[in-house]
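K.L.:
Structure file target-v9.csv, CSV, C-alpha atoms, is pasted below:
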chain,number,residue,atom,x,y,z
A,1,MET,CA,85.0,-182.5,-34.9
A,2,ALA,CA,84.1,-180.2,-32.1
A,3,VAL,CA,80.4,-179.8,-31.5
A,4,GLN,CA,79.7,-176.1,-31.1
A,5,GLN,CA,78.4,-174.7,-27.9
A,6,PRO,CA,75.7,-172.1,-28.2
A,7,ASP,CA,77.3,-168.6,-28.5
A,8,SER,CA,75.9,-167.4,-25.2
A,9,LEU,CA,78.0,-170.0,-23.4
A,10,THR,CA,81.7,-169.3,-23.1
A,11,PRO,CA,83.7,-172.5,-22.4
A,12,SER,CA,84.5,-171.4,-18.9
A,13,ALA,CA,80.9,-170.9,-18.1
A,14,THR,CA,79.8,-174.5,-18.8
A,15,VAL,CA,80.3,-175.7,-15.2
A,16,PRO,CA,78.6,-172.7,-13.5
A,17,GLN,CA,75.7,-173.1,-15.9
A,18,PHE,CA,75.5,-176.8,-15.1
A,19,LEU,CA,75.5,-176.1,-11.4
A,20,ARG,CA,72.4,-174.0,-11.7
A,21,GLY,CA,70.5,-177.2,-12.0
A,22,ALA,CA,72.2,-178.9,-9.1
A,23,GLU,CA,71.2,-179.0,-5.5
A,24,LEU,CA,73.1,-176.5,-3.3
A,25,VAL,CA,74.1,-178.3,-0.1
A,26,LYS,CA,76.3,-175.8,1.6
A,27,GLN,CA,77.4,-172.2,1.2
A,28,GLY,CA,80.7,-171.6,3.0
A,29,ALA,CA,83.0,-168.6,3.2
A,30,GLU,CA,85.1,-169.9,0.3
A,31,ALA,CA,83.1,-172.3,-1.6
A,32,ARG,CA,79.6,-173.6,-2.5
A,33,VAL,CA,79.0,-177.3,-2.3
A,34,TYR,CA,76.5,-179.0,-4.7
A,35,ARG,CA,75.1,-182.4,-5.1
A,36,THR,CA,74.4,-183.7,-8.6
A,37,GLN,CA,74.8,-186.6,-11.0
A,38,PHE,CA,78.0,-186.7,-13.1
A,39,LEU,CA,78.8,-189.3,-15.6
A,40,GLY,CA,76.0,-191.3,-14.1
A,41,ARG,CA,77.3,-191.2,-10.5
A,42,PRO,CA,76.2,-189.2,-7.5
A,43,THR,CA,78.7,-186.5,-7.2
A,44,ILE,CA,79.6,-183.5,-5.0
A,45,VAL,CA,80.8,-180.4,-6.8
A,46,LYS,CA,82.9,-177.9,-4.8
A,47,GLU,CA,82.9,-174.5,-6.4
A,48,ARG,CA,85.3,-171.9,-5.1
A,49,PHE,CA,84.0,-168.5,-6.0
A,50,SER,CA,85.9,-165.2,-6.5
A,51,LYS,CA,86.3,-162.9,-3.6
A,52,ARG,CA,85.4,-159.5,-4.9
A,53,TYR,CA,87.4,-157.7,-2.2
A,54,ARG,CA,90.6,-159.3,-3.4
A,55,HIS,CA,92.8,-158.0,-6.2
A,56,VAL,CA,91.8,-160.0,-9.3
A,57,ALA,CA,95.2,-161.5,-10.1
A,58,LEU,CA,95.8,-162.5,-6.5
A,59,ASP,CA,92.3,-163.9,-6.1
A,60,GLU,CA,92.9,-166.1,-9.2
A,61,LYS,CA,96.3,-167.3,-7.9
A,62,LEU,CA,95.0,-168.0,-4.4
A,63,THR,CA,91.9,-169.8,-5.5
A,64,ARG,CA,93.8,-171.9,-7.9
A,65,ARG,CA,96.4,-172.8,-5.3
A,66,ARG,CA,93.7,-173.8,-2.8
A,67,THR,CA,92.1,-176.0,-5.5
A,68,VAL,CA,95.4,-177.6,-6.4
A,69,GLN,CA,96.4,-178.2,-2.8
A,70,GLU,CA,93.1,-179.7,-2.0
A,71,VAL,CA,93.3,-182.4,-4.7
A,72,ARG,CA,96.9,-183.1,-4.1
A,73,SER,CA,96.2,-183.7,-0.4
A,74,ILE,CA,93.3,-186.0,-1.2
A,75,LEU,CA,95.4,-188.2,-3.4
A,76,ARG,CA,98.2,-188.2,-0.9
A,77,CYS,CA,95.8,-189.3,1.9
A,78,ARG,CA,94.2,-192.0,-0.3
A,79,ARG,CA,97.6,-193.4,-1.2
A,80,ALA,CA,98.3,-193.9,2.4
A,81,GLY,CA,94.9,-195.7,2.9
A,82,ILE,CA,93.2,-192.7,4.6
A,83,PRO,CA,89.6,-192.5,3.3
A,84,ALA,CA,88.9,-189.3,1.4
A,85,PRO,CA,86.5,-188.8,-1.5
A,86,ALA,CA,87.7,-189.8,-5.0
A,87,VAL,CA,88.3,-186.9,-7.4
A,88,TYR,CA,86.6,-187.3,-10.7
A,89,PHE,CA,87.3,-184.0,-12.5
A,90,VAL,CA,88.8,-180.6,-11.8
A,91,ASP,CA,87.9,-177.5,-13.8
A,92,TYR,CA,90.6,-175.0,-13.2
A,93,THR,CA,88.8,-172.3,-15.1
A,94,SER,CA,85.8,-172.2,-12.7
A,95,HIS,CA,87.7,-173.7,-9.8
A,96,CYS,CA,85.3,-176.6,-9.4
A,97,ILE,CA,86.2,-180.0,-8.0
A,98,PHE,CA,84.0,-182.9,-8.9
A,99,LEU,CA,84.2,-185.5,-6.1
A,100,GLU,CA,82.7,-188.8,-5.2
A,101,GLU,CA,79.6,-188.4,-3.0
A,102,ILE,CA,80.0,-190.4,0.2
A,103,LEU,CA,76.7,-192.0,0.5
A,104,ARG,CA,75.1,-193.4,3.7
A,105,SER,CA,77.1,-191.0,5.8
A,106,SER,CA,76.6,-188.2,8.3
A,107,THR,CA,79.1,-185.7,9.8
A,108,VAL,CA,80.8,-186.7,13.0
A,109,ARG,CA,79.4,-183.5,14.3
A,110,ASP,CA,75.8,-184.6,13.8
A,111,HIS,CA,76.7,-188.0,15.1
A,112,ILE,CA,78.1,-186.7,18.4
A,113,ALA,CA,75.2,-184.4,18.8
A,114,SER,CA,72.8,-187.2,18.6
A,115,THR,CA,74.6,-189.9,20.6
A,116,GLN,CA,75.2,-190.6,24.3
A,117,GLN,CA,78.8,-189.8,25.3
A,118,SER,CA,79.2,-193.2,26.8
A,119,GLU,CA,78.7,-194.7,23.3
A,120,LEU,CA,81.3,-192.4,21.6
A,121,GLU,CA,84.4,-194.1,22.8
A,122,GLN,CA,85.0,-196.1,19.7
A,123,LEU,CA,84.5,-193.0,17.6
A,124,ALA,CA,87.1,-191.1,19.6
A,125,GLN,CA,89.5,-193.9,19.0
A,126,GLN,CA,88.8,-194.0,15.3
A,127,VAL,CA,89.3,-190.3,14.9
A,128,GLY,CA,92.6,-190.4,16.8
A,129,GLN,CA,93.8,-193.2,14.6
A,130,ILE,CA,92.9,-191.6,11.3
A,131,LEU,CA,94.5,-188.3,12.3
A,132,ALA,CA,97.7,-190.1,13.4
A,133,LYS,CA,97.8,-191.8,10.1
A,134,MET,CA,97.3,-188.5,8.2
A,135,HIS,CA,100.0,-186.7,10.2
A,136,ASP,CA,102.4,-189.7,9.7
A,137,GLU,CA,102.0,-189.0,6.0
A,138,ASP,CA,102.9,-185.4,6.8
A,139,VAL,CA,99.5,-184.1,5.6
A,140,ILE,CA,98.2,-181.2,7.6
A,141,HIS,CA,94.5,-180.9,7.2
A,142,GLY,CA,94.3,-177.2,8.2
A,143,ASP,CA,90.7,-177.1,9.0
A,144,LEU,CA,90.0,-180.0,11.3
A,145,THR,CA,86.4,-179.8,12.7
A,146,THR,CA,83.8,-182.5,13.3
A,147,SER,CA,81.9,-181.2,10.3
A,148,ASN,CA,84.9,-182.1,8.1
A,149,MET,CA,84.8,-185.8,9.1
A,150,LEU,CA,82.1,-188.1,7.8
A,151,LEU,CA,81.0,-191.3,9.4
A,152,ARG,CA,80.1,-193.8,6.7
A,153,ARG,CA,77.9,-196.8,7.5
A,154,SER,CA,79.0,-199.9,5.7
A,155,PRO,CA,76.4,-201.7,3.6
A,156,GLU,CA,76.2,-204.9,5.6
A,157,ASP,CA,76.0,-202.7,8.7
A,158,ARG,CA,79.4,-203.9,9.9
A,159,GLY,CA,80.3,-200.8,11.8
A,160,SER,CA,81.3,-197.6,10.2
A,161,ASP,CA,84.4,-195.9,8.9
A,162,LEU,CA,85.6,-192.3,8.9
A,163,VAL,CA,86.1,-190.3,5.7
A,164,LEU,CA,88.0,-187.0,5.8
A,165,ILE,CA,86.8,-184.1,3.6
A,166,ASP,CA,87.5,-180.5,2.9
A,167,PHE,CA,91.2,-180.3,2.3
A,168,GLY,CA,91.1,-176.8,1.0
A,169,LEU,CA,93.5,-175.4,3.6
A,170,SER,CA,95.7,-178.5,3.7
A,171,TYR,CA,99.4,-178.6,3.0
A,172,ILE,CA,102.4,-180.9,3.4
A,173,SER,CA,104.6,-180.5,6.5
A,174,ALA,CA,106.7,-182.8,8.7
A,175,LEU,CA,107.0,-180.2,11.5
A,176,PRO,CA,105.5,-181.3,14.8
A,177,GLU,CA,104.6,-177.6,15.3
A,178,ASP,CA,102.2,-177.7,12.3
A,179,LYS,CA,100.7,-181.0,13.4
A,180,GLY,CA,100.3,-179.7,16.9
A,181,VAL,CA,98.4,-176.6,15.6
A,182,ASP,CA,96.3,-179.0,13.4
A,183,LEU,CA,95.2,-180.8,16.6
A,184,TYR,CA,94.7,-177.6,18.4
A,185,VAL,CA,92.3,-176.3,15.8
A,186,LEU,CA,90.4,-179.5,16.2
A,187,GLU,CA,90.4,-179.2,20.0
A,188,LYS,CA,89.0,-175.7,19.9
A,189,ALA,CA,86.3,-176.7,17.3
A,190,PHE,CA,85.5,-179.8,19.2
A,191,LEU,CA,85.0,-178.3,22.6
A,192,SER,CA,83.1,-175.3,21.4
A,193,THR,CA,80.7,-177.4,19.2
A,194,HIS,CA,80.3,-180.2,21.7
A,195,PRO,CA,80.1,-178.9,25.3
A,196,HIS,CA,81.5,-181.0,28.1
A,197,THR,CA,83.4,-183.4,25.9
A,198,GLU,CA,86.9,-182.8,27.4
A,199,ALA,CA,87.2,-186.5,28.5
A,200,LEU,CA,86.2,-187.7,25.0
A,201,PHE,CA,88.8,-185.5,23.4
A,202,GLN,CA,91.4,-186.8,25.8
A,203,LYS,CA,90.5,-190.3,24.6
A,204,LEU,CA,91.0,-189.1,21.0
A,205,LEU,CA,94.4,-187.8,21.9
A,206,LYS,CA,95.3,-191.0,23.6
A,207,SER,CA,94.3,-193.0,20.5
A,208,TYR,CA,96.4,-190.6,18.4
A,209,SER,CA,99.4,-191.1,20.7
A,210,ALA,CA,99.1,-194.9,20.5
A,211,SER,CA,98.7,-194.9,16.7
A,212,SER,CA,101.3,-192.4,15.6
A,213,LYS,CA,105.0,-193.1,15.5
A,214,LYS,CA,105.9,-189.4,15.9
A,215,SER,CA,103.2,-188.5,18.4
A,216,SER,CA,105.2,-187.4,21.4
A,217,ALA,CA,106.8,-184.5,19.7
A,218,VAL,CA,103.4,-183.4,18.3
A,219,LEU,CA,101.6,-183.6,21.6
A,220,LYS,CA,104.3,-181.7,23.3
A,221,LYS,CA,103.8,-178.9,20.7
A,222,LEU,CA,100.1,-179.1,21.3
A,223,ASP,CA,100.7,-178.3,25.0
A,224,GLU,CA,102.9,-175.4,24.0
A,225,VAL,CA,100.3,-174.1,21.5
A,226,ARG,CA,97.6,-174.3,24.1
A,227,LEU,CA,99.6,-172.1,26.4
A,228,ARG,CA,100.2,-169.4,23.8
A,229,GLY,CA,96.9,-169.0,22.1
A,230,ARG,CA,95.0,-169.5,18.9
A,231,LYS,CA,96.2,-170.9,15.6
A,232,ARG,CA,99.7,-169.4,15.8
A,233,SER,CA,102.5,-171.3,14.4
A,234,MET,CA,105.6,-169.5,15.5
A,235,VAL,CA,107.7,-170.8,12.6
A,236,GLY,CA,108.7,-168.5,9.8
B,237,MET,CA,75.8,-204.0,-25.9
B,238,ASN,CA,77.0,-200.4,-26.4
B,239,LEU,CA,77.3,-198.1,-23.5
B,240,THR,CA,76.1,-194.6,-24.1
B,241,GLN,CA,76.4,-191.6,-21.7
B,242,GLU,CA,75.5,-188.0,-22.4
B,243,LEU,CA,78.1,-185.7,-20.9
B,244,GLU,CA,76.1,-183.6,-18.3
B,245,LEU,CA,78.5,-180.7,-18.6
B,246,PHE,CA,78.4,-180.7,-22.4
B,247,PRO,CA,74.9,-181.7,-23.3
B,248,ASP,CA,75.6,-181.8,-27.1
B,249,HIS,CA,78.2,-184.4,-26.5
B,250,THR,CA,77.5,-188.1,-26.0
B,251,VAL,CA,80.0,-190.8,-25.5
B,252,THR,CA,79.4,-194.3,-26.8
B,253,GLN,CA,81.7,-197.2,-25.9
B,254,MET,CA,81.8,-200.4,-27.9
B,255,LEU,CA,83.8,-203.5,-27.0
B,256,PHE,CA,85.1,-206.1,-29.5
B,257,LYS,CA,86.8,-209.4,-29.0
B,258,GLU,CA,88.5,-211.7,-31.4
B,259,VAL,CA,89.6,-208.7,-33.4
B,260,LYS,CA,91.6,-209.7,-36.6
B,261,ASN,CA,92.4,-206.3,-38.0
B,262,ALA,CA,93.9,-204.3,-35.1
B,263,ALA,CA,96.8,-203.1,-37.2
B,264,GLU,CA,94.5,-201.8,-40.0
B,265,LEU,CA,92.3,-200.1,-37.5
B,266,ARG,CA,95.2,-198.5,-35.8
B,267,GLN,CA,96.4,-197.1,-39.1
B,268,SER,CA,92.9,-195.9,-39.9
B,269,ALA,CA,92.8,-194.1,-36.6
B,270,VAL,CA,96.2,-192.5,-37.2
B,271,ASP,CA,95.1,-191.4,-40.7
B,272,GLY,CA,91.9,-189.9,-39.3
B,273,ARG,CA,89.7,-192.3,-41.2
B,274,ILE,CA,88.0,-193.6,-38.1
B,275,ASN,CA,86.4,-190.9,-35.9
B,276,GLY,CA,86.8,-192.7,-32.7
B,277,ALA,CA,89.4,-193.6,-30.1
B,278,LEU,CA,90.8,-197.1,-30.2
B,279,ILE,CA,91.7,-198.3,-26.7
B,280,ASN,CA,93.4,-201.3,-25.4
B,281,PRO,CA,90.7,-202.8,-23.0
B,282,THR,CA,93.2,-204.8,-20.9
B,283,MET,CA,94.3,-201.5,-19.4
B,284,LEU,CA,90.7,-200.6,-18.4
B,285,VAL,CA,89.1,-201.4,-15.0
B,286,ASN,CA,85.7,-200.1,-15.8
B,287,PRO,CA,83.8,-198.1,-18.5
B,288,PHE,CA,83.5,-195.2,-16.0
B,289,GLN,CA,87.2,-194.3,-16.5
B,290,VAL,CA,86.6,-193.9,-20.2
B,291,LEU,CA,83.9,-191.4,-19.4
B,292,VAL,CA,86.2,-189.5,-17.1
B,293,ALA,CA,88.8,-189.4,-19.8
B,294,ALA,CA,86.3,-188.3,-22.5
B,295,ASN,CA,84.8,-185.6,-20.2
B,296,LYS,CA,88.2,-184.1,-19.5
B,297,ALA,CA,89.1,-184.3,-23.2
B,298,VAL,CA,85.9,-182.4,-24.3
B,299,HIS,CA,86.5,-179.8,-21.6
B,300,LEU,CA,90.1,-179.2,-22.7
B,301,GLN,CA,89.1,-179.1,-26.3
B,302,LEU,CA,86.4,-176.4,-25.6
B,303,ILE,CA,88.9,-174.2,-23.7
B,304,GLY,CA,91.6,-174.8,-26.3
B,305,LYS,CA,94.0,-176.5,-23.9
B,306,MET,CA,94.3,-180.1,-25.2
B,307,LYS,CA,97.8,-181.6,-24.9
B,308,THR,CA,97.4,-183.7,-28.0
B,309,ARG,CA,96.2,-182.9,-31.5
B,310,SER,CA,92.7,-184.4,-31.6
B,311,LEU,CA,89.9,-185.2,-29.3
B,312,ASN,CA,90.3,-188.9,-29.8
B,313,SER,CA,94.0,-188.9,-29.0
B,314,GLU,CA,93.3,-186.7,-26.0
B,315,ILE,CA,90.9,-189.3,-24.6
B,316,ILE,CA,93.7,-191.9,-24.9
B,317,PHE,CA,96.2,-189.6,-23.3
B,318,ASN,CA,93.8,-188.8,-20.4
B,319,LEU,CA,93.6,-192.5,-19.5
B,320,SER,CA,97.3,-192.5,-18.6
B,321,PRO,CA,98.7,-191.7,-15.2
B,322,THR,CA,101.6,-189.8,-16.6
B,323,ASN,CA,102.1,-186.8,-18.8
B,324,ASN,CA,104.1,-188.6,-21.4
B,325,ILE,CA,102.1,-188.6,-24.6
B,326,SER,CA,103.8,-191.4,-26.5
B,327,GLU,CA,103.8,-193.6,-23.5
B,328,ALA,CA,100.1,-193.1,-23.2
B,329,PHE,CA,99.5,-194.1,-26.8
B,330,LYS,CA,101.7,-197.1,-26.5
B,331,ARG,CA,100.0,-198.4,-23.3
B,332,PHE,CA,96.4,-197.4,-23.7
B,333,GLY,CA,96.0,-197.1,-27.5
B,334,THR,CA,95.4,-200.2,-29.6
B,335,SER,CA,98.5,-202.0,-30.8
B,336,ASP,CA,98.9,-204.0,-34.0
B,337,GLY,CA,98.6,-207.5,-32.5
B,338,ASP,CA,95.7,-206.7,-30.1
B,339,GLU,CA,92.8,-209.2,-30.0
B,340,SER,CA,90.4,-206.9,-28.3
B,341,VAL,CA,89.5,-203.3,-28.9
B,342,MET,CA,87.5,-200.7,-27.0
B,343,LEU,CA,86.1,-198.2,-29.5
B,344,VAL,CA,85.0,-194.9,-28.0
B,345,VAL,CA,83.1,-192.3,-30.1
B,346,VAL,CA,82.1,-188.8,-29.0
B,347,HIS,CA,79.1,-187.7,-31.0
B,348,CYS,CA,75.9,-185.7,-31.0
B,349,LYS,CA,72.8,-187.3,-29.6
B,350,ASN,CA,71.3,-189.6,-32.1
B,351,GLU,CA,73.9,-190.9,-34.5
B,352,SER,CA,73.2,-194.6,-34.7
B,353,GLN,CA,74.2,-194.7,-38.3
B,354,LEU,CA,77.6,-193.2,-37.6
B,355,LEU,CA,78.2,-195.7,-34.8
B,356,GLU,CA,77.1,-198.6,-37.0
B,357,ASP,CA,79.4,-197.4,-39.8
B,358,ILE,CA,82.4,-197.2,-37.4
B,359,ALA,CA,81.6,-200.5,-35.8
B,360,ALA,CA,81.4,-202.2,-39.2
B,361,GLN,CA,85.1,-201.4,-39.7
B,362,VAL,CA,86.1,-203.7,-36.9
B,363,ASP,CA,86.6,-207.3,-37.9
B,364,GLY,CA,85.7,-208.8,-34.6
B,365,ARG,CA,82.8,-209.9,-32.3
B,366,GLN,CA,81.0,-207.2,-30.4
B,367,VAL,CA,80.4,-208.0,-26.7
B,368,PRO,CA,78.7,-206.0,-23.9
B,369,VAL,CA,80.9,-203.1,-22.7
B,370,GLU,CA,80.5,-204.3,-19.1
B,371,ASP,CA,82.6,-207.4,-20.0
B,372,VAL,CA,85.7,-205.1,-20.0
B,373,SER,CA,86.3,-206.0,-16.4
B,374,TRP,CA,87.0,-209.6,-17.5
B,375,LEU,CA,89.7,-208.4,-19.8
B,376,SER,CA,91.4,-206.1,-17.2
B,377,ASP,CA,95.0,-206.9,-16.5
B,378,LEU,CA,94.8,-205.8,-12.9
B,379,ALA,CA,98.4,-206.5,-12.0
B,380,LYS,CA,99.6,-204.4,-14.9
B,381,ILE,CA,97.2,-201.6,-14.0
B,382,ARG,CA,98.2,-201.6,-10.4
B,383,LYS,CA,101.9,-201.5,-11.4
B,384,LEU,CA,101.5,-198.7,-13.9
B,385,PHE,CA,99.3,-196.6,-11.7
B,386,LYS,CA,101.5,-197.4,-8.6
B,387,VAL,CA,98.5,-198.5,-6.5
B,388,ALA,CA,99.7,-200.0,-3.2
B,389,PRO,CA,97.5,-202.5,-1.3
B,390,GLN,CA,96.8,-199.9,1.4
B,391,GLU,CA,95.1,-197.6,-1.0
B,392,GLU,CA,92.6,-200.3,-1.9
B,393,THR,CA,91.5,-200.5,1.7
B,394,CYS,CA,89.9,-197.1,1.4
B,395,GLY,CA,88.5,-197.4,-2.1
B,396,THR,CA,88.3,-199.5,-5.2
B,397,LEU,CA,91.1,-199.8,-7.8
B,398,LEU,CA,88.8,-197.8,-10.1
B,399,ASP,CA,88.8,-194.9,-7.6
B,400,ALA,CA,92.5,-195.0,-7.4
B,401,VAL,CA,92.9,-194.9,-11.2
B,402,VAL,CA,90.3,-192.2,-11.7
B,403,CYS,CA,91.9,-189.9,-9.0
B,404,ARG,CA,95.2,-190.1,-10.7
B,405,MET,CA,93.7,-189.4,-14.1
B,406,ALA,CA,91.9,-186.4,-12.7
B,407,ILE,CA,94.9,-184.9,-10.8
B,408,LYS,CA,97.9,-185.8,-12.9
B,409,ASP,CA,98.3,-182.3,-14.4
B,410,VAL,CA,99.1,-180.9,-10.9
B,411,MET,CA,100.9,-183.8,-9.3
Taking this structure as input, can you express it in the form of structure tokens?

P.N.:
Amino acid sequence: MAVQQPDSLTPSATVPQFLRGAELVKQGAEARVYRTQFLGRPTIVKERFSKRYRHVALDEKLTRRRTVQEVRSILRCRRAGIPAPAVYFVDYTSHCIFLEEILRSSTVRDHIASTQQSELEQLAQQVGQILAKMHDEDVIHGDLTTSNMLLRRSPEDRGSDLVLIDFGLSYISALPEDKGVDLYVLEKAFLSTHPHTEALFQKLLKSYSASSKKSSAVLKKLDEVRLRGRKRSMVG
Amino acid sequence: MNLTQELELFPDHTVTQMLFKEVKNAAELRQSAVDGRINGALINPTMLVNPFQVLVAANKAVHLQLIGKMKTRSLNSEIIFNLSPTNNISEAFKRFGTSDGDESVMLVVVHCKNESQLLEDIAAQVDGRQVPVEDVSWLSDLAKIRKLFKVAPQEETCGTLLDAVVCRMAIKDVM
């Protein structure tokens, strides 16, 4: 027995309608992020919207692919023990992902901006470690910035752990080249957002190197990428 | 006792869960469900970690029903199917649906807001003792669940077993 929806509401419009009552947290180039309650839990909803300048069929395909890649990468990371928000529900008709809200957290970006550099060593080490783990799983994040990393305080105040978010541009690759570019993207974002933190980033890379089994090839590629310029993977 | 949650995305749909122990007529109930005489999903509670996963399964089922994309033939069977980490329907029914000899049953009903009579009528068909739904965690066969969902110890360092289960339920159609 299906309970009828009011005629004005087509099935694919239920989520967008629902989101009108939710709190908009961020509007990005590709998606809007909302906070709300879902099945009794604090939830983040990531809504990828259509890009009008794209051809309709291509837009649909691309948006769907990004949504799928995002959730696949999240599961892949979690399987390896890399913290990422749990996925509760995916609506492929409106391209919305319902994710666990990471409570008691702030972005690494905000944390760095409000903390003395001398106290950021442990953070640099943690970031290096988590990225090493991710790359060892052959997950390329694709959009590494300090805004896409959350620092979550533990309830008993026993330190904090990192949670990676925003896997929309992520993909699977074993190539050191792709991992090198991933780190390069982070480096550019890091140094432009947080001035005079070159030494801190070096510590991050050192931690990465110590934690990853395949790091030397990746760091070598990072050097090469730096020499040749922005985001360019010369493969393919 | 019961656990009721309105589906935020589908406000005319409410999900009520009822848990029973010392069930004597599991075989009869299962047959009634198959024949469509019970309008509820009969679930094996030993495969559940937490009532939240039932809500996730029910939400997805209602969503797919409304867009005409269910994989099974009814809303209730779709709820059971959604609980499974695989896309094999008969396997899902076998593992997550009530079996003839089961001594405990989780009954899940999707209904409109205030249908206490309907719920009472359905509950009356179960020959067993009703217990609080939260007790389901005492019935969970964690080892079996970890094995079926292929959850390695490292995954439980970054989240709960419930998170691992719910993720797989939510993503299985594209994995």

K.L.:
Could you list, as a ChimeraX atom specification, every residue of chain A that has an atom within 10 Å of an atom of chain B, counting all atoms listed in the file?

P.N.:
/A:1-6,10-12,14-19,36-41,68-69,71-72,74-91,93,97-100,161-163

K.L.:
Between A:Gln202, A:Thr146, A:Ser94, A:Gln126, single out the one closest to His111 (chain A), counting all atoms listed in the file.

P.N.:
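When distances to His111 (chain A) are compared using all atoms listed in the file, the smallest one comes from A:Thr146.
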
K.L.:
For Leu131 (chain A), list every protein, DNA or RNA residue within 10 Å, evaluated using only C-alpha atoms, and leave out those in the same chain fewer than 4 positions away; present the list as a list of chain:residue names.

P.N.:
A:Ile82, A:Gln126, A:Val127, A:His135, A:Asp136, A:Glu137, A:Val139, A:Ile140, A:His141, A:Leu144, A:Leu164, A:Lys179, A:Asp182, A:Leu183, A:Leu204, A:Leu205, A:Ser207, A:Tyr208, A:Ser211, A:Ser212

K.L.:
Which distance in Å separates CA of Leu343 (chain B) and CA of Arg331 (chain B), to one decimal?

P.N.:
15.2 Å

K.L.:
Would you compute the distance between CA of Asn324 (chain B) and CA of Met306 (chain B)? Give it in Å to one decimal.

P.N.:
13.5 Å

K.L.:
Take CA of Lys188 (chain A) and CA of Asn148 (chain A) and report the distance between them in Å, one decimal.

P.N.:
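Interatomic distance, CA of Lys188 (chain A) to CA of Asn148 (chain A): 14.0 Å.
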
K.L.:
Which residues are close to Arg64 (chain A), i.e. within 10 Å by only C-alpha atoms, leaving aside same-chain residues fewer than 5 positions away? Reply as a PyMOL selection string.

P.N.:
chain A and resi 48+58-59+69-70+92-96

K.L.:
Hey, what's within 12 Å of region 283-286 of chain B if we count all atoms listed in the file and toss same-chain stuff fewer than 5 positions away? As number ranges by chain, please?

P.N.:
B: 239, 253, 255, 291-293, 316, 319-321, 328-334, 338, 340-342, 369-385, 396-402

K.L.:
Nearest to Arg309 (chain B) among B:Ile325, B:Gln366, B:Asp336, B:Leu265, with distances taken over only C-alpha atoms: which residue is it?

P.N.:
B:Ile325

K.L.:
Can you pull out every residue within 8 Å of Ser106 (chain A), counting all atoms listed in the file, but drop anything in the same chain fewer than 5 positions away, and send it as a PyMOL selection string?

P.N.:
chain A and resi 111+150-152

K.L.:
With C-alpha atoms retained, could you export that selection as a CSV table (one decimal), in the frame of the given file?

P.N.:
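Okay, this is what ended up in selection10.csv:
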chain,number,residue,atom,x,y,z
A,111,HIS,CA,76.7,-188.0,15.1
A,150,LEU,CA,82.1,-188.1,7.8
A,151,LEU,CA,81.0,-191.3,9.4
A,152,ARG,CA,80.1,-193.8,6.7

K.L.:
Excluding same-chain residues fewer than 3 positions from Lys214 (chain A), what lies within 9 Å of it counting all atoms listed in the file, as a ChimeraX atom specification?

P.N.:
/A:132,135-136,176,209,217-218

K.L.:
Taking only C-alpha atoms into account, which of B:Pro281, B:Gly364, B:Pro287, B:Gly276 comes nearest Ile315 (chain B)?

P.N.:
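Smallest distance to Ile315 (chain B) is found for B:Gly276.
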